[in-house]
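Below: structure-v6.tsv (TSV, N, CA and C atoms)
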chain	number	residue	atom	x	y	z
A	123	MET	N	28.74	-17.91	-69.21
A	123	MET	CA	28.97	-19.11	-68.40
A	123	MET	C	28.34	-18.90	-67.02
A	124	ASN	N	27.53	-19.86	-66.62
A	124	ASN	CA	26.89	-19.70	-65.32
A	124	ASN	C	27.81	-20.21	-64.19
A	125	LEU	N	27.36	-20.04	-62.99
A	125	LEU	CA	28.15	-20.38	-61.80
A	125	LEU	C	28.57	-21.85	-61.80
A	126	ASP	N	27.62	-22.75	-62.05
A	126	ASP	CA	27.92	-24.19	-62.05
A	126	ASP	C	28.99	-24.51	-63.08
A	127	GLU	N	28.82	-23.97	-64.29
A	127	GLU	CA	29.77	-24.25	-65.37
A	127	GLU	C	31.16	-23.73	-65.02
A	128	ARG	N	31.24	-22.55	-64.43
A	128	ARG	CA	32.54	-21.97	-64.07
A	128	ARG	C	33.24	-22.83	-63.01
A	129	ILE	N	32.48	-23.29	-62.01
A	129	ILE	CA	33.05	-24.13	-60.96
A	129	ILE	C	33.53	-25.46	-61.55
A	130	LEU	N	32.75	-26.05	-62.44
A	130	LEU	CA	33.16	-27.29	-63.08
A	130	LEU	C	34.40	-27.09	-63.94
A	131	GLU	N	34.50	-25.93	-64.58
A	131	GLU	CA	35.69	-25.62	-65.38
A	131	GLU	C	36.93	-25.54	-64.49
A	132	ILE	N	36.79	-24.89	-63.35
A	132	ILE	CA	37.91	-24.80	-62.40
A	132	ILE	C	38.29	-26.20	-61.92
A	133	ALA	N	37.30	-27.03	-61.61
A	133	ALA	CA	37.57	-28.40	-61.17
A	133	ALA	C	38.31	-29.18	-62.26
A	134	ARG	N	37.88	-29.02	-63.49
A	134	ARG	CA	38.53	-29.70	-64.62
A	134	ARG	C	40.01	-29.34	-64.68
A	135	GLU	N	40.31	-28.06	-64.50
A	135	GLU	CA	41.68	-27.59	-64.55
A	135	GLU	C	42.50	-28.07	-63.35
A	136	VAL	N	41.96	-27.88	-62.15
A	136	VAL	CA	42.70	-28.22	-60.93
A	136	VAL	C	42.95	-29.73	-60.82
A	137	PHE	N	41.93	-30.52	-61.12
A	137	PHE	CA	42.05	-31.97	-60.98
A	137	PHE	C	42.59	-32.63	-62.25
A	138	ASP	N	42.90	-31.82	-63.26
A	138	ASP	CA	43.49	-32.29	-64.51
A	138	ASP	C	42.67	-33.44	-65.11
A	139	MET	N	41.38	-33.14	-65.34
A	139	MET	CA	40.46	-34.13	-65.89
A	139	MET	C	39.80	-33.55	-67.14
A	140	THR	N	39.43	-34.42	-68.05
A	140	THR	CA	38.75	-33.95	-69.26
A	140	THR	C	37.25	-33.84	-69.04
A	141	GLU	N	36.70	-34.68	-68.18
A	141	GLU	CA	35.26	-34.68	-67.90
A	141	GLU	C	35.02	-34.57	-66.41
A	142	VAL	N	34.18	-33.64	-66.02
A	142	VAL	CA	33.72	-33.55	-64.63
A	142	VAL	C	32.22	-33.32	-64.66
A	143	SER	N	31.56	-33.68	-63.59
A	143	SER	CA	30.12	-33.48	-63.49
A	143	SER	C	29.78	-32.98	-62.09
A	144	LEU	N	28.52	-32.67	-61.90
A	144	LEU	CA	28.07	-32.21	-60.59
A	144	LEU	C	28.15	-33.33	-59.55
A	145	GLU	N	28.35	-34.56	-60.00
A	145	GLU	CA	28.45	-35.70	-59.08
A	145	GLU	C	29.88	-35.92	-58.58
A	146	LEU	N	30.83	-35.12	-59.04
A	146	LEU	CA	32.22	-35.25	-58.61
A	146	LEU	C	32.34	-34.96	-57.11
A	147	SER	N	33.10	-35.80	-56.42
A	147	SER	CA	33.31	-35.60	-54.98
A	147	SER	C	34.66	-36.19	-54.58
A	148	GLN	N	35.06	-35.92	-53.35
A	148	GLN	CA	36.30	-36.48	-52.84
A	148	GLN	C	36.23	-38.01	-52.81
A	149	ARG	N	35.05	-38.54	-52.61
A	149	ARG	CA	34.89	-40.00	-52.52
A	149	ARG	C	35.08	-40.71	-53.85
A	150	ASN	N	34.74	-40.04	-54.95
A	150	ASN	CA	34.80	-40.74	-56.24
A	150	ASN	C	35.89	-40.20	-57.18
A	151	CYS	N	36.78	-39.37	-56.65
A	151	CYS	CA	37.83	-38.79	-57.48
A	151	CYS	C	39.19	-38.97	-56.80
A	152	ASP	N	39.99	-39.88	-57.34
A	152	ASP	CA	41.32	-40.14	-56.78
A	152	ASP	C	42.23	-38.92	-56.86
A	153	ARG	N	41.99	-38.06	-57.82
A	153	ARG	CA	42.83	-36.87	-58.00
A	153	ARG	C	42.53	-35.77	-56.97
A	154	TRP	N	41.42	-35.89	-56.25
A	154	TRP	CA	41.01	-34.86	-55.29
A	154	TRP	C	41.73	-35.13	-53.97
A	155	ASP	N	43.03	-34.85	-53.95
A	155	ASP	CA	43.82	-35.03	-52.73
A	155	ASP	C	43.88	-33.71	-51.95
A	156	SER	N	44.59	-33.71	-50.84
A	156	SER	CA	44.61	-32.53	-49.97
A	156	SER	C	45.24	-31.31	-50.64
A	157	LEU	N	46.29	-31.51	-51.40
A	157	LEU	CA	46.94	-30.38	-52.07
A	157	LEU	C	46.03	-29.79	-53.14
A	158	ARG	N	45.43	-30.65	-53.95
A	158	ARG	CA	44.53	-30.14	-54.98
A	158	ARG	C	43.27	-29.53	-54.37
A	159	HIS	N	42.86	-30.03	-53.22
A	159	HIS	CA	41.71	-29.45	-52.53
A	159	HIS	C	41.99	-27.98	-52.19
A	160	LEU	N	43.16	-27.72	-51.64
A	160	LEU	CA	43.53	-26.34	-51.29
A	160	LEU	C	43.70	-25.48	-52.54
A	161	THR	N	44.25	-26.05	-53.59
A	161	THR	CA	44.38	-25.32	-54.85
A	161	THR	C	43.00	-24.99	-55.41
A	162	PHE	N	42.09	-25.96	-55.35
A	162	PHE	CA	40.71	-25.76	-55.82
A	162	PHE	C	40.05	-24.62	-55.05
A	163	ALA	N	40.18	-24.63	-53.73
A	163	ALA	CA	39.59	-23.57	-52.91
A	163	ALA	C	40.19	-22.21	-53.28
A	164	SER	N	41.49	-22.16	-53.46
A	164	SER	CA	42.16	-20.92	-53.83
A	164	SER	C	41.69	-20.40	-55.19
A	165	GLU	N	41.55	-21.29	-56.15
A	165	GLU	CA	41.08	-20.91	-57.48
A	165	GLU	C	39.63	-20.42	-57.44
A	166	ILE	N	38.83	-21.05	-56.60
A	166	ILE	CA	37.43	-20.62	-56.42
A	166	ILE	C	37.40	-19.20	-55.84
A	167	GLU	N	38.21	-18.98	-54.80
A	167	GLU	CA	38.26	-17.65	-54.18
A	167	GLU	C	38.65	-16.59	-55.20
A	168	GLU	N	39.65	-16.89	-56.01
A	168	GLU	CA	40.13	-15.93	-56.99
A	168	GLU	C	39.09	-15.68	-58.09
A	169	ALA	N	38.49	-16.74	-58.58
A	169	ALA	CA	37.54	-16.63	-59.68
A	169	ALA	C	36.30	-15.83	-59.31
A	170	PHE	N	35.85	-15.97	-58.06
A	170	PHE	CA	34.61	-15.32	-57.64
A	170	PHE	C	34.84	-14.15	-56.69
A	171	ASP	N	36.11	-13.83	-56.45
A	171	ASP	CA	36.47	-12.73	-55.56
A	171	ASP	C	35.78	-12.86	-54.20
A	172	ILE	N	35.95	-14.03	-53.60
A	172	ILE	CA	35.38	-14.31	-52.28
A	172	ILE	C	36.48	-14.81	-51.37
A	173	GLU	N	36.20	-14.85	-50.08
A	173	GLU	CA	37.14	-15.39	-49.11
A	173	GLU	C	36.45	-16.51	-48.35
A	174	LEU	N	37.09	-17.67	-48.32
A	174	LEU	CA	36.53	-18.83	-47.64
A	174	LEU	C	37.26	-19.05	-46.32
A	175	GLU	N	36.50	-19.37	-45.30
A	175	GLU	CA	37.06	-19.69	-43.99
A	175	GLU	C	37.58	-21.13	-44.02
A	176	PRO	N	38.56	-21.45	-43.19
A	176	PRO	CA	39.10	-22.81	-43.17
A	176	PRO	C	38.01	-23.89	-42.99
A	177	GLU	N	37.02	-23.60	-42.15
A	177	GLU	CA	35.93	-24.56	-41.93
A	177	GLU	C	35.12	-24.77	-43.21
A	178	GLU	N	34.92	-23.68	-43.95
A	178	GLU	CA	34.17	-23.77	-45.20
A	178	GLU	C	34.95	-24.59	-46.23
A	179	ILE	N	36.24	-24.36	-46.30
A	179	ILE	CA	37.08	-25.12	-47.23
A	179	ILE	C	37.01	-26.61	-46.89
A	180	ALA	N	37.05	-26.93	-45.62
A	180	ALA	CA	36.98	-28.33	-45.19
A	180	ALA	C	35.65	-28.98	-45.57
A	181	GLU	N	34.59	-28.19	-45.64
A	181	GLU	CA	33.26	-28.71	-45.98
A	181	GLU	C	33.06	-28.88	-47.49
A	182	MET	N	33.98	-28.41	-48.30
A	182	MET	CA	33.85	-28.47	-49.75
A	182	MET	C	34.24	-29.87	-50.25
A	183	THR	N	33.40	-30.85	-50.00
A	183	THR	CA	33.75	-32.23	-50.30
A	183	THR	C	33.11	-32.77	-51.58
A	184	ASP	N	32.19	-32.01	-52.17
A	184	ASP	CA	31.60	-32.41	-53.44
A	184	ASP	C	31.12	-31.17	-54.18
A	185	MET	N	30.81	-31.33	-55.44
A	185	MET	CA	30.45	-30.17	-56.28
A	185	MET	C	29.21	-29.44	-55.77
A	186	HIS	N	28.23	-30.19	-55.26
A	186	HIS	CA	27.01	-29.55	-54.77
A	186	HIS	C	27.32	-28.63	-53.58
A	187	ARG	N	28.18	-29.09	-52.69
A	187	ARG	CA	28.56	-28.25	-51.53
A	187	ARG	C	29.39	-27.05	-51.96
A	188	VAL	N	30.27	-27.26	-52.94
A	188	VAL	CA	31.09	-26.15	-53.43
A	188	VAL	C	30.19	-25.07	-54.03
A	189	ILE	N	29.25	-25.48	-54.86
A	189	ILE	CA	28.34	-24.53	-55.49
A	189	ILE	C	27.52	-23.79	-54.45
A	190	ALA	N	26.99	-24.51	-53.47
A	190	ALA	CA	26.21	-23.88	-52.41
A	190	ALA	C	27.05	-22.89	-51.62
A	191	MET	N	28.31	-23.25	-51.35
A	191	MET	CA	29.20	-22.37	-50.60
A	191	MET	C	29.46	-21.08	-51.37
A	192	VAL	N	29.74	-21.20	-52.66
A	192	VAL	CA	30.00	-20.01	-53.47
A	192	VAL	C	28.74	-19.16	-53.56
A	193	GLN	N	27.58	-19.78	-53.78
A	193	GLN	CA	26.34	-19.01	-53.87
A	193	GLN	C	26.07	-18.25	-52.58
A	194	SER	N	26.41	-18.81	-51.45
A	194	SER	CA	26.16	-18.14	-50.17
A	194	SER	C	27.08	-16.92	-49.98
A	195	LYS	N	28.19	-16.91	-50.71
A	195	LYS	CA	29.17	-15.82	-50.58
A	195	LYS	C	28.91	-14.68	-51.58
A	196	LEU	N	28.10	-14.93	-52.59
A	196	LEU	CA	27.88	-13.92	-53.64
A	196	LEU	C	26.68	-13.04	-53.32

Just dump the structure as structure tokens.
Amino acid sequence: MNLDERILEIAREVFDMTEVSLELSQRNCDRWDSLRHLTFASEIEEAFDIELEPEEIAEMTDMHRVIAMVQSKL
């Protein structure tokens, strides 16, 4: 499983959705609320063994930004 697929899998679990795509964002997903956002960031940190700064977590507003953020930490 590549990085994109793993992140999408985490999003599927956290946002409790059957289908997610790289186009998923806070703007188009009603389930992406503040609590799930923090859970998503925490799951990302655990899955990739990285630590995200609060500013970085705040910038994780869509899948493309999340992927870029994780890639920059690996």

query = What residues in chain A get the DSSP label alpha helix (DSSP H)? Please answer as a ChimeraX atom specification.
reply = /A:125-136,156-170,176-181,185-195

request  = Just give me the gap between atom N of Cys151 (chain A) and atom C of Leu196 (chain A) in Å, one decimal is fine.
outcome  = 28.4 Å

inquiry  = Would you pick out the contacts of region 156-173 of chain A at 7 Å or less, using all atoms listed in the file, so that residues sharing its chain but fewer than 4 positions from it are not included, and give the list as an MDAnalysis selection string?
reply    = chainID A and resid 132:133 136:137 179 195

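You will find atom C of Arg187 (chain A) at 13.6 Å from atom C of Glu127 (chain A).
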
query = So how many Å separate CA of Ser143 (chain A) and CA of Glu181 (chain A), to one decimal?
reply = 18.4 Å

Reconstruct all heavy atoms of region 185-196 of chain A; output as a tab-separated table (two decimals), in the frame of the given file.
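Now in part.tsv:
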chain	number	residue	atom	x	y	z
A	185	MET	N	30.81	-31.33	-55.44
A	185	MET	CA	30.45	-30.17	-56.28
A	185	MET	C	29.21	-29.44	-55.77
A	185	MET	O	29.15	-28.22	-55.80
A	185	MET	CB	30.22	-30.60	-57.73
A	185	MET	CG	31.47	-30.97	-58.47
A	185	MET	SD	32.60	-29.58	-58.66
A	185	MET	CE	33.88	-30.05	-57.54
A	186	HIS	N	28.23	-30.19	-55.26
A	186	HIS	CA	27.01	-29.55	-54.77
A	186	HIS	C	27.32	-28.63	-53.58
A	186	HIS	O	26.80	-27.52	-53.49
A	186	HIS	CB	25.96	-30.60	-54.40
A	186	HIS	CG	25.49	-31.39	-55.58
A	186	HIS	ND1	24.68	-30.85	-56.56
A	186	HIS	CD2	25.74	-32.67	-55.95
A	186	HIS	CE1	24.44	-31.77	-57.48
A	186	HIS	NE2	25.07	-32.88	-57.14
A	187	ARG	N	28.18	-29.09	-52.69
A	187	ARG	CA	28.56	-28.25	-51.53
A	187	ARG	C	29.39	-27.05	-51.96
A	187	ARG	O	29.24	-25.96	-51.41
A	187	ARG	CB	29.33	-29.08	-50.51
A	187	ARG	CG	28.45	-30.07	-49.78
A	187	ARG	CD	29.25	-30.83	-48.75
A	187	ARG	NE	28.41	-31.84	-48.12
A	187	ARG	CZ	28.65	-32.36	-46.96
A	187	ARG	NH1	29.72	-32.00	-46.27
A	187	ARG	NH2	27.86	-33.26	-46.45
A	188	VAL	N	30.27	-27.26	-52.94
A	188	VAL	CA	31.09	-26.15	-53.43
A	188	VAL	C	30.19	-25.07	-54.03
A	188	VAL	O	30.32	-23.88	-53.73
A	188	VAL	CB	32.13	-26.63	-54.47
A	188	VAL	CG1	32.85	-25.46	-55.11
A	188	VAL	CG2	33.12	-27.60	-53.83
A	189	ILE	N	29.25	-25.48	-54.86
A	189	ILE	CA	28.34	-24.53	-55.49
A	189	ILE	C	27.52	-23.79	-54.45
A	189	ILE	O	27.39	-22.57	-54.50
A	189	ILE	CB	27.44	-25.25	-56.53
A	189	ILE	CG1	28.28	-25.70	-57.71
A	189	ILE	CG2	26.28	-24.36	-56.95
A	189	ILE	CD1	27.62	-26.69	-58.64
A	190	ALA	N	26.99	-24.51	-53.47
A	190	ALA	CA	26.21	-23.88	-52.41
A	190	ALA	C	27.05	-22.89	-51.62
A	190	ALA	O	26.59	-21.79	-51.26
A	190	ALA	CB	25.61	-24.94	-51.48
A	191	MET	N	28.31	-23.25	-51.35
A	191	MET	CA	29.20	-22.37	-50.60
A	191	MET	C	29.46	-21.08	-51.37
A	191	MET	O	29.39	-19.99	-50.80
A	191	MET	CB	30.52	-23.11	-50.35
A	191	MET	CG	31.47	-22.40	-49.43
A	191	MET	SD	30.96	-22.50	-47.71
A	191	MET	CE	31.00	-24.26	-47.45
A	192	VAL	N	29.74	-21.20	-52.66
A	192	VAL	CA	30.00	-20.01	-53.47
A	192	VAL	C	28.74	-19.16	-53.56
A	192	VAL	O	28.81	-17.93	-53.39
A	192	VAL	CB	30.50	-20.41	-54.88
A	192	VAL	CG1	30.58	-19.19	-55.78
A	192	VAL	CG2	31.87	-21.09	-54.77
A	193	GLN	N	27.58	-19.78	-53.78
A	193	GLN	CA	26.34	-19.01	-53.87
A	193	GLN	C	26.07	-18.25	-52.58
A	193	GLN	O	25.60	-17.10	-52.63
A	193	GLN	CB	25.16	-19.95	-54.16
A	193	GLN	CG	25.13	-20.43	-55.59
A	193	GLN	CD	24.06	-21.44	-55.87
A	193	GLN	OE1	23.67	-22.22	-54.97
A	193	GLN	NE2	23.58	-21.46	-57.08
A	194	SER	N	26.41	-18.81	-51.45
A	194	SER	CA	26.16	-18.14	-50.17
A	194	SER	C	27.08	-16.92	-49.98
A	194	SER	O	26.77	-16.05	-49.19
A	194	SER	CB	26.33	-19.12	-48.99
A	194	SER	OG	27.71	-19.39	-48.77
A	195	LYS	N	28.19	-16.91	-50.71
A	195	LYS	CA	29.17	-15.82	-50.58
A	195	LYS	C	28.91	-14.68	-51.58
A	195	LYS	O	29.49	-13.61	-51.45
A	195	LYS	CB	30.60	-16.34	-50.79
A	195	LYS	CG	31.05	-17.34	-49.77
A	195	LYS	CD	31.41	-16.61	-48.51
A	195	LYS	CE	32.07	-17.54	-47.51
A	195	LYS	NZ	32.61	-16.78	-46.39
A	196	LEU	N	28.10	-14.93	-52.59
A	196	LEU	CA	27.88	-13.92	-53.64
A	196	LEU	C	26.68	-13.04	-53.32
A	196	LEU	O	25.83	-13.35	-52.59
A	196	LEU	CB	27.68	-14.59	-54.99
A	196	LEU	CG	28.88	-15.39	-55.49
A	196	LEU	CD1	28.53	-16.07	-56.80
A	196	LEU	CD2	30.09	-14.51	-55.69
